[in-house]
Amino acid sequence: MLSDISLICLSSTAGNLNFVSPMAYCRSLPFLILLMLLSFQSLLTAHEDPSYKDIQVGVILDMDSWVGKVVCSCITMAVSDFYRINPHYTTRITFTTRDTKGEPLLVLSTALDLLENTEVQAIIGPESTAEARFLEVLGDKANIPILSFSTTPFSNQNHNLLRMADDETSQFKGVAAMVELFKAKNVIVICEDTENGREMATYMASEFQEKNIHVTYTSLISTSASKEQVSEELQKLQTMQAMVFVMHTPPSLATGIFSKAKELGMMDEGYMWIITSKTTNLLDSMDAEAIKSMQGAVGFRSYFPASRKLHNFVSKWRKEHYALEPFMEYKEVDSNGIWAYDAVYALAMAIEKVHTTLIGMSSSIHASLLDEMLRVKFHGLGGEFNLMNGRSISKAMEVVNVIGKGGRRVGFWMMMSANGEFVKEIGKQNSTSNHGLESIIWPGGSSATFPKRRILETNGNKKLRILVPDFGTFPNLLQLTVDPKTNISGVSGFCGDVFNAAFSALDYGVGVEIIPYPYKDGMNYNDLIDKIYLKEYDAVIGDITITANRSVYVDFTLPFSDLGTGTIARNAKKNMWIFLDPLSADLWITSGCFFLFLGFVIWFIEHRINEEFQGSTCQQIGTTLWFAFSTLVYAHREKLQSNLSRFVVTVWVFVVLVLTSSYTATLSSVLTVQQIGMKETSTGFLGVSFGGAAFNNMNFGGAKIENLYTPEAYVKALTSGGVDAIIDEILYVKSVLAMYPTSDFSLISTASTTNGFGFAFQKGSPLAGEMSTEIAKMREDGTLKALEDKWLKRQSALMSKDFSSPSPKILNLYGFRGLFLISGVTMAFALLVSMVRIVREKLHVKIKMQVWRHILRRSSEIHAQDSDAESTV
């Protein structure tokens, strides 16, 4: 009866009974016996103890968040897959889950609960930065591995804290390199208003600084900010010159920012948005509306090499996840899930290794498990798994362009290369086109290498607001014009034409609004610089001198004028006494006195022995004066008899040679331009340009300084003799010479004491660099020279060409006192020697006469005695 029933059961199909023959039963008998043995073994095994040991592992996640759900499901899949592949392992991971409910403060308490009450051997999670930082304070108390998915670099306060995710700061070099790649000079950084957000903003600013990229503004937005607050902040950013935005925020905040940015037109052509992995890693989990608002943005995200293992895992995850929630919006597994999967694999390997090595020594498992985790290496879903110093290290990041329904890969950022570089494919040589990246579709649909930036005004007029000083007194440098038909203000003059030509060459396609700035008492050009610094206007143009102090607050273009200052002075006086100008009065008088003294000395020495200096008194005076003044032109013909006279004349001729040579040189200079004595004359400056800034490095000695404000004041001061010279920016001097083309004034010298004129833009404005490039082109192709000739060329009076020669000085006695001292000492010495000789001669004659008198007297006495003797005889 039993065998009949067995036959009926084995032959039953879909509820229908089919009877088989006895022959078929005999053939099925071995199979039935085997089946019964296996069933019996299974019953026995079911009642035995398991052959593995359960290891408790804690999981701390926010189960209500998408990341928490993904990580939790991936952990479950990882445990199932791992032990299916390794059924021989003697350990099994058993999870104890704790829900943080999105409250970072709960992380610490739940971790302590797991350590004290559950005796877990490891903890997985949490995923957020704020939660991970709470676990850092556990220190040595948590002597177990804590596997975190936070991307923030830890302070290494807790050596047990292992980071499974990529370090988010490692991509900042790539972000700075991308901004540099597309030749942007300034950026606006947007971060969440948290401690971590401010810290990451500092990291990014440091990287941008290395690339000489200016961070125009750092915007910190709270994750709890309302739509109105986000809109208000973006409107403020919209008024700034920078069109490149770098955003490092969580996806929830990024979604709100992009949504408002699109409403405000900040996702149109002309803007560049770069997002970091903090947002892009979760790009596939965002809804369709969020993706739509992000079109054209470029982002960095963690890269996982394609493999069959990864493909099978993603397919399996989709099936299991959507089987549980079939009506949920389609989302992909993100990077956190892949890191969690590999983390479970690594932890299971380490636990098995420690358990088999230290069997019976459970007290040492905690310390050994951490060391074993640092030694685990395998090829996981995310590529090679290897923790270096407790940190996961990636070699590359994926660069994606948000287009359509997701991110399109455009290249890779190779972080581990020497200097970092972009490549289209890993392991392949880069092509030179497009800087190692595929073509990027920017916001607005532009596929240019870098879309043209537009300068937008707050009120949406899309015009560049240009401030122009309305108190300029040099019309050929800058003057405001008004179109009578449209009543729109414009600028002309040399400065105005240079700006118009350079800005037109940029071809921005935006309007320019010229805003006159009227003069008020006490105002100077520094007030205009302050307006630009405070971002009330976009730029200021005109005769603005570039100085170091002003450059701290604004960005100047390259100078479009000559550098330095020029000196304008009256030309030489046209009068009959101009020949007296080279020598000062005291030098003239001293020279004349020395000529007379020379004549007297020569006459004194020569008139006693030289017949040419003898004669009547009138003849002697005439000869003496003729001889003295003829030495001036070396025309003296009288032959000197005394060596003393020759010695005196030789020294005097040398003095005359120096004196006449200096006189000739100075007279030549005086006939060219009017002399300037900076220590003895007054000097004028243009009041507006002087301002105490442009000429601080010039030494004027005791010069009297007067402020002059108009070209008319220049001319009046020079003509009336109020000042002897005027020193100002070269263009001001050229402007005066062009407006008054007479031969009365000349530019006689220049000095490189200023940096010339430039246009001032807001700090970090891209226009400063681009306008500088156009100015350089205009200088090279001759456009700048043509504009200068148009407005500043002097028509009738030629300017001095020798700008580097110093102004000649009037010769005075002080400069020649050495020569006159030598000559005077020589003459006095000769006169003294001559007088001594005369005295000696007179004494000699007197003595000789006395001797003769004595002899004669004695002779007379002797003769008288002889006569008396004869008479006596």
# chains A, B, ... in the order shown; residues from 1 in each chain; ligands from 1
>>> residues_around(residues="region 621-625 of chain A", least_positions_apart="6", cutoff="7 Å", atoms="only C-alpha atoms", output="NGL selection string")
:A and (599-600 or 603 or 613)
>>> residues_around(residues="Ile532 (chain A)", least_positions_apart="6", cutoff="10 Å", atoms="only C-alpha atoms", output="PyMOL selection string")
chain A and resi 466-467+538-540+553-555+760-763
>>> residues_around(residues="Gly824 (chain A)", least_positions_apart="3", cutoff="10 Å", atoms="only C-alpha atoms", output="list in words")
Phe594, Phe597, Leu598, Val648, Val651, Trp652, Gly818, Leu819, Phe820, Leu821, Met827, Ala828, Phe829 and Ala830 of chain A
>>> write_last_selection(atoms="N, CA, C and O atoms", output="mmCIF file, in the first residue's frame")
data_model
loop_
_atom_site.group_PDB
_atom_site.id
_atom_site.type_symbol
_atom_site.label_atom_id
_atom_site.label_comp_id
_atom_site.auth_asym_id
_atom_site.auth_seq_id
_atom_site.Cartn_x
_atom_site.Cartn_y
_atom_site.Cartn_z
ATOM 1 N N PHE A 594 88.491 140.076 -10.067
ATOM 2 C CA PHE A 594 89.707 139.302 -10.253
ATOM 3 C C PHE A 594 90.462 139.735 -11.514
ATOM 4 O O PHE A 594 91.697 139.679 -11.550
ATOM 5 N N PHE A 597 92.251 142.779 -10.374
ATOM 6 C CA PHE A 597 93.329 142.398 -9.461
ATOM 7 C C PHE A 597 94.497 141.795 -10.221
ATOM 8 O O PHE A 597 95.667 142.056 -9.918
ATOM 9 N N LEU A 598 94.154 140.960 -11.254
ATOM 10 C CA LEU A 598 95.206 140.377 -12.075
ATOM 11 C C LEU A 598 96.014 141.476 -12.771
ATOM 12 O O LEU A 598 97.261 141.445 -12.784
ATOM 13 N N VAL A 648 101.601 133.597 -12.462
ATOM 14 C CA VAL A 648 100.260 134.097 -12.149
ATOM 15 C C VAL A 648 99.337 133.974 -13.344
ATOM 16 O O VAL A 648 98.185 133.528 -13.241
ATOM 17 N N VAL A 651 98.149 130.269 -14.082
ATOM 18 C CA VAL A 651 97.045 129.825 -13.217
ATOM 19 C C VAL A 651 95.746 130.511 -13.608
ATOM 20 O O VAL A 651 94.673 129.899 -13.679
ATOM 21 N N TRP A 652 95.830 131.806 -13.901
ATOM 22 C CA TRP A 652 94.613 132.556 -14.248
ATOM 23 C C TRP A 652 94.008 132.077 -15.570
ATOM 24 O O TRP A 652 92.769 132.004 -15.701
ATOM 25 N N GLY A 818 86.583 127.460 -5.466
ATOM 26 C CA GLY A 818 87.891 126.808 -5.408
ATOM 27 C C GLY A 818 88.873 127.394 -6.400
ATOM 28 O O GLY A 818 90.058 127.636 -6.078
ATOM 29 N N LEU A 819 88.379 127.606 -7.647
ATOM 30 C CA LEU A 819 89.256 128.179 -8.678
ATOM 31 C C LEU A 819 89.694 129.589 -8.293
ATOM 32 O O LEU A 819 90.876 129.952 -8.421
ATOM 33 N N PHE A 820 88.741 130.389 -7.827
ATOM 34 C CA PHE A 820 89.091 131.755 -7.455
ATOM 35 C C PHE A 820 90.030 131.772 -6.247
ATOM 36 O O PHE A 820 90.894 132.644 -6.129
ATOM 37 N N LEU A 821 89.874 130.807 -5.372
ATOM 38 C CA LEU A 821 90.763 130.742 -4.215
ATOM 39 C C LEU A 821 92.193 130.449 -4.654
ATOM 40 O O LEU A 821 93.149 131.093 -4.193
ATOM 41 N N MET A 827 97.998 135.063 -6.969
ATOM 42 C CA MET A 827 98.263 136.488 -7.193
ATOM 43 C C MET A 827 98.822 137.151 -5.937
ATOM 44 O O MET A 827 99.773 137.958 -6.005
ATOM 45 N N ALA A 828 98.234 136.827 -4.789
ATOM 46 C CA ALA A 828 98.705 137.432 -3.542
ATOM 47 C C ALA A 828 100.139 137.019 -3.243
ATOM 48 O O ALA A 828 100.968 137.841 -2.795
ATOM 49 N N PHE A 829 100.453 135.751 -3.530
ATOM 50 C CA PHE A 829 101.807 135.266 -3.298
ATOM 51 C C PHE A 829 102.802 135.987 -4.207
ATOM 52 O O PHE A 829 103.884 136.415 -3.762
ATOM 53 N N ALA A 830 102.431 136.105 -5.490
ATOM 54 C CA ALA A 830 103.321 136.801 -6.433
ATOM 55 C C ALA A 830 103.501 138.252 -6.037
ATOM 56 O O ALA A 830 104.622 138.815 -6.117
#
>>> residues_around(residues="Leu480 (chain A)", least_positions_apart="2", cutoff="9 Å", atoms="only C-alpha atoms", output="ChimeraX atom specification")
/A:468-470,475,478,482,489-493,496,514,516
>>> write_last_selection(atoms="C-alpha atoms", output="JSON list (two decimals), in the first residue's frame")
[["chain", "number", "residue", "atom", "x", "y", "z"],
["A", 468, "VAL", "CA", 32.85, 109.10, -14.93],
["A", 469, "PRO", "CA", 34.17, 112.14, -13.02],
["A", 470, "ASP", "CA", 32.28, 115.24, -14.08],
["A", 475, "PRO", "CA", 38.49, 118.15, -22.22],
["A", 478, "LEU", "CA", 37.99, 113.17, -20.90],
["A", 482, "VAL", "CA", 25.11, 113.54, -24.62],
["A", 489, "SER", "CA", 25.47, 110.01, -21.94],
["A", 490, "GLY", "CA", 28.77, 109.03, -23.51],
["A", 491, "VAL", "CA", 32.47, 109.81, -23.21],
["A", 492, "SER", "CA", 35.12, 111.16, -25.55],
["A", 493, "GLY", "CA", 38.61, 112.53, -25.30],
["A", 496, "GLY", "CA", 37.15, 107.99, -23.31],
["A", 514, "ILE", "CA", 27.68, 106.24, -18.29],
["A", 516, "PRO", "CA", 28.46, 111.34, -14.34]]
>>> closest_residue(among="A:Leu181, A:Leu747, A:Val215, A:Met200", to="Gly436 (chain A)", atoms="only C-alpha atoms")
A:Leu181
>>> closest_residue(among="A:Phe258, A:Phe182, A:Trp273, A:Trp588", to="Phe245 (chain A)", atoms="only C-alpha atoms")
A:Trp273
>>> residues_around(residues="region 392-402 of chain A", least_positions_apart="6", cutoff="9 Å", atoms="only C-alpha atoms", output="PyMOL selection string")
chain A and resi 162-167+171+174+277+280+283+291-292+294-304+384-386+408-417+422+426+437+440-442
>>> select_by_dssp(residues="region 502-676 of chain A", states="alpha helix (DSSP H)", output="number ranges by chain")
A: 502-506, 525-533, 548-551, 585-606, 617-630, 643-672
>>> write_last_selection(atoms="C-alpha atoms", output="mmCIF file, in the first residue's frame")
data_model
loop_
_atom_site.group_PDB
_atom_site.id
_atom_site.type_symbol
_atom_site.label_atom_id
_atom_site.label_comp_id
_atom_site.auth_asym_id
_atom_site.auth_seq_id
_atom_site.Cartn_x
_atom_site.Cartn_y
_atom_site.Cartn_z
ATOM 1 C CA ALA A 502 38.925 98.435 -25.888
ATOM 2 C CA PHE A 503 35.430 97.581 -24.643
ATOM 3 C CA SER A 504 34.005 97.370 -28.157
ATOM 4 C CA ALA A 505 36.742 94.889 -29.085
ATOM 5 C CA LEU A 506 35.583 92.568 -26.281
ATOM 6 C CA TYR A 525 39.606 110.764 -7.307
ATOM 7 C CA ASN A 526 39.939 108.578 -4.202
ATOM 8 C CA ASP A 527 36.220 109.123 -3.631
ATOM 9 C CA LEU A 528 35.496 107.480 -6.976
ATOM 10 C CA ILE A 529 37.701 104.519 -6.042
ATOM 11 C CA ASP A 530 35.665 104.117 -2.841
ATOM 12 C CA LYS A 531 32.463 103.897 -4.881
ATOM 13 C CA ILE A 532 33.875 101.005 -6.875
ATOM 14 C CA TYR A 533 35.202 99.279 -3.773
ATOM 15 C CA ALA A 548 49.649 100.964 -4.816
ATOM 16 C CA ASN A 549 47.122 102.107 -2.220
ATOM 17 C CA ARG A 550 44.258 102.243 -4.722
ATOM 18 C CA SER A 551 45.180 98.819 -6.091
ATOM 19 C CA ALA A 585 75.510 138.459 -10.124
ATOM 20 C CA ASP A 586 78.067 137.577 -7.457
ATOM 21 C CA LEU A 587 80.001 135.536 -10.005
ATOM 22 C CA TRP A 588 79.978 138.401 -12.495
ATOM 23 C CA ILE A 589 81.226 140.867 -9.856
ATOM 24 C CA THR A 590 83.861 138.474 -8.513
ATOM 25 C CA SER A 591 85.128 137.710 -12.002
ATOM 26 C CA GLY A 592 85.435 141.408 -12.809
ATOM 27 C CA CYS A 593 87.276 142.116 -9.563
ATOM 28 C CA PHE A 594 89.707 139.302 -10.253
ATOM 29 C CA PHE A 595 90.411 140.664 -13.738
ATOM 30 C CA LEU A 596 91.283 144.050 -12.193
ATOM 31 C CA PHE A 597 93.329 142.398 -9.461
ATOM 32 C CA LEU A 598 95.206 140.377 -12.075
ATOM 33 C CA GLY A 599 96.010 143.560 -14.000
ATOM 34 C CA PHE A 600 97.250 145.288 -10.884
ATOM 35 C CA VAL A 601 99.474 142.319 -9.907
ATOM 36 C CA ILE A 602 100.997 142.050 -13.388
ATOM 37 C CA TRP A 603 101.573 145.844 -13.546
ATOM 38 C CA PHE A 604 103.141 145.865 -10.102
ATOM 39 C CA ILE A 605 105.547 143.107 -11.080
ATOM 40 C CA GLU A 606 106.309 144.208 -14.636
ATOM 41 C CA THR A 617 99.853 157.061 -16.147
ATOM 42 C CA CYS A 618 97.141 156.721 -18.769
ATOM 43 C CA GLN A 619 99.330 154.461 -20.873
ATOM 44 C CA GLN A 620 100.079 152.229 -17.879
ATOM 45 C CA ILE A 621 96.370 151.953 -16.944
ATOM 46 C CA GLY A 622 95.349 151.182 -20.512
ATOM 47 C CA THR A 623 98.025 148.545 -20.965
ATOM 48 C CA THR A 624 97.189 146.919 -17.647
ATOM 49 C CA LEU A 625 93.430 146.681 -18.359
ATOM 50 C CA TRP A 626 94.014 145.500 -21.910
ATOM 51 C CA PHE A 627 96.325 142.754 -20.739
ATOM 52 C CA ALA A 628 93.960 141.597 -17.968
ATOM 53 C CA PHE A 629 90.813 141.318 -20.134
ATOM 54 C CA SER A 630 92.638 139.949 -23.166
ATOM 55 C CA ASN A 643 108.681 134.503 -13.994
ATOM 56 C CA LEU A 644 106.300 135.511 -11.235
ATOM 57 C CA SER A 645 104.066 137.203 -13.801
ATOM 58 C CA ARG A 646 104.148 134.164 -16.016
ATOM 59 C CA PHE A 647 103.226 131.908 -13.089
ATOM 60 C CA VAL A 648 100.260 134.097 -12.149
ATOM 61 C CA VAL A 649 98.987 134.300 -15.724
ATOM 62 C CA THR A 650 99.284 130.522 -16.203
ATOM 63 C CA VAL A 651 97.045 129.825 -13.217
ATOM 64 C CA TRP A 652 94.613 132.556 -14.248
ATOM 65 C CA VAL A 653 94.328 131.248 -17.814
ATOM 66 C CA PHE A 654 93.229 127.871 -16.413
ATOM 67 C CA VAL A 655 90.563 129.623 -14.333
ATOM 68 C CA VAL A 656 89.392 131.540 -17.375
ATOM 69 C CA LEU A 657 89.259 128.314 -19.409
ATOM 70 C CA VAL A 658 86.935 126.646 -16.913
ATOM 71 C CA LEU A 659 84.843 129.765 -16.493
ATOM 72 C CA THR A 660 84.348 130.411 -20.211
ATOM 73 C CA SER A 661 83.584 126.766 -20.957
ATOM 74 C CA SER A 662 80.916 126.665 -18.258
ATOM 75 C CA TYR A 663 79.480 129.944 -19.428
ATOM 76 C CA THR A 664 79.205 128.701 -23.003
ATOM 77 C CA ALA A 665 77.434 125.490 -21.969
ATOM 78 C CA THR A 666 75.011 127.263 -19.676
ATOM 79 C CA LEU A 667 74.199 129.952 -22.194
ATOM 80 C CA SER A 668 73.342 127.281 -24.740
ATOM 81 C CA SER A 669 70.899 125.687 -22.297
ATOM 82 C CA VAL A 670 69.399 129.021 -21.339
ATOM 83 C CA LEU A 671 68.742 129.794 -24.980
ATOM 84 C CA THR A 672 66.784 126.491 -25.241
#
>>> residues_around(residues="Val715 (chain A)", least_positions_apart="4", cutoff="9 Å", atoms="only C-alpha atoms", output="ChimeraX atom specification")
/A:710-711,719-720,736,740,745
>>> write_last_selection(atoms="N, CA and C atoms", output="PDB file, in the first residue's frame")
ATOM      1  N   THR A 710      43.255 123.920 -13.632  1.00  0.00           N
ATOM      2  CA  THR A 710      42.802 123.963 -15.024  1.00  0.00           C
ATOM      3  C   THR A 710      43.969 124.286 -15.940  1.00  0.00           C
ATOM      4  N   PRO A 711      43.848 123.962 -17.236  1.00  0.00           N
ATOM      5  CA  PRO A 711      44.902 124.357 -18.187  1.00  0.00           C
ATOM      6  C   PRO A 711      45.107 125.866 -18.220  1.00  0.00           C
ATOM      7  N   THR A 719      52.902 132.242 -17.369  1.00  0.00           N
ATOM      8  CA  THR A 719      53.067 133.507 -18.086  1.00  0.00           C
ATOM      9  C   THR A 719      53.331 134.660 -17.137  1.00  0.00           C
ATOM     10  N   SER A 720      52.589 134.669 -16.012  1.00  0.00           N
ATOM     11  CA  SER A 720      52.729 135.776 -15.070  1.00  0.00           C
ATOM     12  C   SER A 720      53.972 135.663 -14.200  1.00  0.00           C
ATOM     13  N   VAL A 736      48.066 120.374 -22.008  1.00  0.00           N
ATOM     14  CA  VAL A 736      48.242 121.828 -22.009  1.00  0.00           C
ATOM     15  C   VAL A 736      48.969 122.280 -23.271  1.00  0.00           C
ATOM     16  N   TYR A 740      47.379 124.809 -26.056  1.00  0.00           N
ATOM     17  CA  TYR A 740      48.008 126.111 -26.248  1.00  0.00           C
ATOM     18  C   TYR A 740      49.264 125.928 -27.103  1.00  0.00           C
ATOM     19  N   PHE A 745      56.042 127.530 -24.133  1.00  0.00           N
ATOM     20  CA  PHE A 745      56.239 126.490 -23.130  1.00  0.00           C
ATOM     21  C   PHE A 745      56.806 125.241 -23.782  1.00  0.00           C
TER      22      PHE A 745
END
>>> closest_residue(among="A:Thr565, A:Lys185, A:Ala290, A:Asp342", to="Glu770 (chain A)", atoms="only C-alpha atoms")
A:Lys185
